[in-house]
Amino acid sequence: MKQVPAEYYHLMEQLQAVDFVLVELTLYLDTHNDDLEAIHQFNHYVQERKRIKKQFESQFGPLQQFGNSYSGHPWNWDDTPWPWQV
Amino acid sequence: MWIYEKKLQYPVRVSSCNPMLAKFLIEQYGGADGELAAALRYLNQRYTIPDKVIGLLTDIGTEEFAHLEMIATMVYKLTKDATPEQMKAAGLDGHYADHDKALFYHNAAGVPFTATYIQAKGDPITDLYEDIAAEEKARATYQWIINLSDDPDLNDGLRFLREREIIHSQRFREAVEILKEEQGKKTIF
Amino acid sequence: MHTHLKTYHPYVSPFDPCKPMVEKTYSTPPHLYIGFQPPNLPQFSPMEALRTGTLWKAFYDPWYSPYEKGNKGVPS
């Protein structure tokens, strides 16, 4: 039985937290397009997400496909686990 | 287009094999005020609403698909290794006979999903009021499911989803205010 | 005191078959009172925000099951 290490859950949660802030700020900015401070905060977390995504993908493979992530060899997009399986 | 990300919006956990809870939860999967109906409703309304709120409808509609995946994950985990006897004891014998463990877009009473859940009137204020009502109905549904559930891990995920309904309702209320504004000036309340 | 749970007391008939629930409650979450969100509202940290389901403290209104310890369906 192949199972993911504890580090998978840890890094995933870091990404989920940062991405959640980005979702919240996105919806907020959709109705507050003039809030410069919120836009600065948004851009800060865009950087942060890039960093965590890179780290996660180097250990656990691509998060997105259709060219939004690099592939390993062999093709590792369809490797388990899928999100609902972990 | 849409890009899939191999990640849940929130780390979903359930603490026990409990197909009875899956039976209730399926309401938010294929029910009238469920996540599928919400996603399809908002994305569909985008084509006939003023440009100022298309972004909001797109983003909330997209987030609803993330919620649909969370509900599916909960149902999957609650039923994954349940025996036919357990399915029967949970009142899912009818479901099992027709679908085995497959998820199906129906509500908690087994009524299949229908396009009539996806309201679209084409009048911007009417449609946004529909959306606010839909968020409040989904919020209430989460309350009733949490009340029926004794699974603390499941309730943790459901509480997250209920809180999202509050935020979505807030943003739709703000969208109404934006469309109500006199053209060419901006009011902050 | 401001609460996000309101109560009412339905009429009780001597002919009601179930044991009467003398007090009923309903939810009135914070977004009903805030209006158009003002800028710079206090925020949760990213991890807290994920756990609570909102970035802004003012909108946080958790709902608990009667089965959950320390709660009787009353949001704290």
# chains A, B, ... in the order shown; residues from 1 in each chain; ligands from 1
>>> closest_atom_pairs(of="chain C", to="chain B", cutoff="10 Å", atoms="only C-alpha atoms", output="Markdown table")
| residue | atom | partner | partner_atom | distance |
| --- | --- | --- | --- | --- |
| C:Tyr26 | CA | B:Ala140 | CA | 9.5 |
| C:Ser27 | CA | B:Ala140 | CA | 8.5 |
| C:Pro29 | CA | B:Ile166 | CA | 7.4 |
| C:Pro30 | CA | B:Ile166 | CA | 8.4 |
| C:His31 | CA | B:Gln170 | CA | 5.9 |
| C:Leu32 | CA | B:Gln170 | CA | 8.0 |
| C:Ile34 | CA | B:Gln170 | CA | 8.6 |
| C:Gly35 | CA | B:Phe189 | CA | 6.7 |
| C:Phe36 | CA | B:Phe189 | CA | 5.4 |
| C:Gln37 | CA | B:Phe189 | CA | 7.6 |
| C:Pro38 | CA | B:Phe189 | CA | 7.2 |
| C:Pro39 | CA | B:Ile188 | CA | 9.5 |
| C:Ala49 | CA | B:Phe160 | CA | 9.8 |
| C:Leu50 | CA | B:Tyr10 | CA | 7.2 |
| C:Arg51 | CA | B:Phe160 | CA | 7.0 |
| C:Thr52 | CA | B:Phe160 | CA | 6.1 |
| C:Gly53 | CA | B:Phe160 | CA | 4.7 |
| C:Thr54 | CA | B:Glu163 | CA | 6.8 |
| C:Leu55 | CA | B:Ile167 | CA | 9.6 |
| C:Trp56 | CA | B:Ile167 | CA | 9.6 |
| C:Phe59 | CA | B:Ile167 | CA | 7.4 |
| C:Tyr60 | CA | B:Glu163 | CA | 7.1 |
| C:Asp61 | CA | B:Glu163 | CA | 7.0 |
| C:Pro62 | CA | B:Arg159 | CA | 6.3 |
| C:Trp63 | CA | B:Arg159 | CA | 6.3 |
| C:Tyr64 | CA | B:Ile146 | CA | 6.7 |
| C:Ser65 | CA | B:Asn147 | CA | 4.4 |
| C:Pro66 | CA | B:Asn147 | CA | 6.1 |
| C:Tyr67 | CA | B:Asp150 | CA | 5.4 |
| C:Glu68 | CA | B:Pro152 | CA | 6.8 |
| C:Lys69 | CA | B:Pro152 | CA | 9.3 |
| C:Lys72 | CA | B:Asn147 | CA | 9.5 |
| C:Gly73 | CA | B:Asn147 | CA | 7.1 |
>>> select_by_dssp(residues="segment 36-86 of chain A", states="helix (DSSP H, G or I)", output="PyMOL selection string")
chain A and resi 36-60
>>> interface_residues(of="chain A", to="chain C", cutoff="8 Å", atoms="only C-alpha atoms", output="list of chain:residue names")
A:Gln14, A:Gln16, A:Ala17, A:Val18, A:Phe20, A:Val21, A:Glu24, A:Asp35
>>> residues_around(residues="Gln47 of chain A", least_positions_apart="6", cutoff="12 Å", atoms="only C-alpha atoms", output="number ranges by chain")
A: 15, 18-19, 22, 40-41, 53-54
>>> interface_residues(of="chain B", to="chain A", cutoff="8 Å", atoms="only C-alpha atoms", output="PyMOL selection string")
chain B and resi 3-11+53+55-56+59-60+69-70+72-73+76-77+171+174-175+178
>>> decode(residues="segment 61-73 of chain B", atoms="N, CA and C atoms", output="CSV table (one decimal), in the first residue's frame")
chain,number,residue,atom,x,y,z
B,61,GLY,N,-18.9,31.1,-9.1
B,61,GLY,CA,-19.3,29.9,-9.8
B,61,GLY,C,-18.2,28.9,-9.8
B,62,THR,N,-17.0,29.4,-10.0
B,62,THR,CA,-15.8,28.5,-10.0
B,62,THR,C,-15.6,27.9,-8.6
B,63,GLU,N,-15.7,28.8,-7.6
B,63,GLU,CA,-15.5,28.2,-6.2
B,63,GLU,C,-16.5,27.2,-5.9
B,64,GLU,N,-17.7,27.3,-6.4
B,64,GLU,CA,-18.8,26.3,-6.2
B,64,GLU,C,-18.3,24.9,-6.7
B,65,PHE,N,-17.6,24.9,-7.8
B,65,PHE,CA,-17.1,23.6,-8.2
B,65,PHE,C,-16.1,23.0,-7.3
B,66,ALA,N,-15.3,23.8,-6.6
B,66,ALA,CA,-14.4,23.3,-5.6
B,66,ALA,C,-15.2,22.7,-4.4
B,67,HIS,N,-16.4,23.4,-4.1
B,67,HIS,CA,-17.2,22.9,-3.0
B,67,HIS,C,-17.9,21.6,-3.4
B,68,LEU,N,-18.3,21.5,-4.7
B,68,LEU,CA,-18.9,20.2,-5.2
B,68,LEU,C,-17.9,19.1,-5.0
B,69,GLU,N,-16.6,19.3,-5.3
B,69,GLU,CA,-15.6,18.3,-5.1
B,69,GLU,C,-15.4,17.9,-3.6
B,70,MET,N,-15.5,18.9,-2.7
B,70,MET,CA,-15.4,18.6,-1.3
B,70,MET,C,-16.6,17.7,-0.9
B,71,ILE,N,-17.8,18.0,-1.3
B,71,ILE,CA,-19.0,17.2,-1.0
B,71,ILE,C,-18.8,15.8,-1.5
B,72,ALA,N,-18.3,15.7,-2.8
B,72,ALA,CA,-18.1,14.4,-3.4
B,72,ALA,C,-17.1,13.6,-2.6
B,73,THR,N,-16.0,14.3,-2.1
B,73,THR,CA,-15.0,13.6,-1.3
B,73,THR,C,-15.6,13.1,0.0
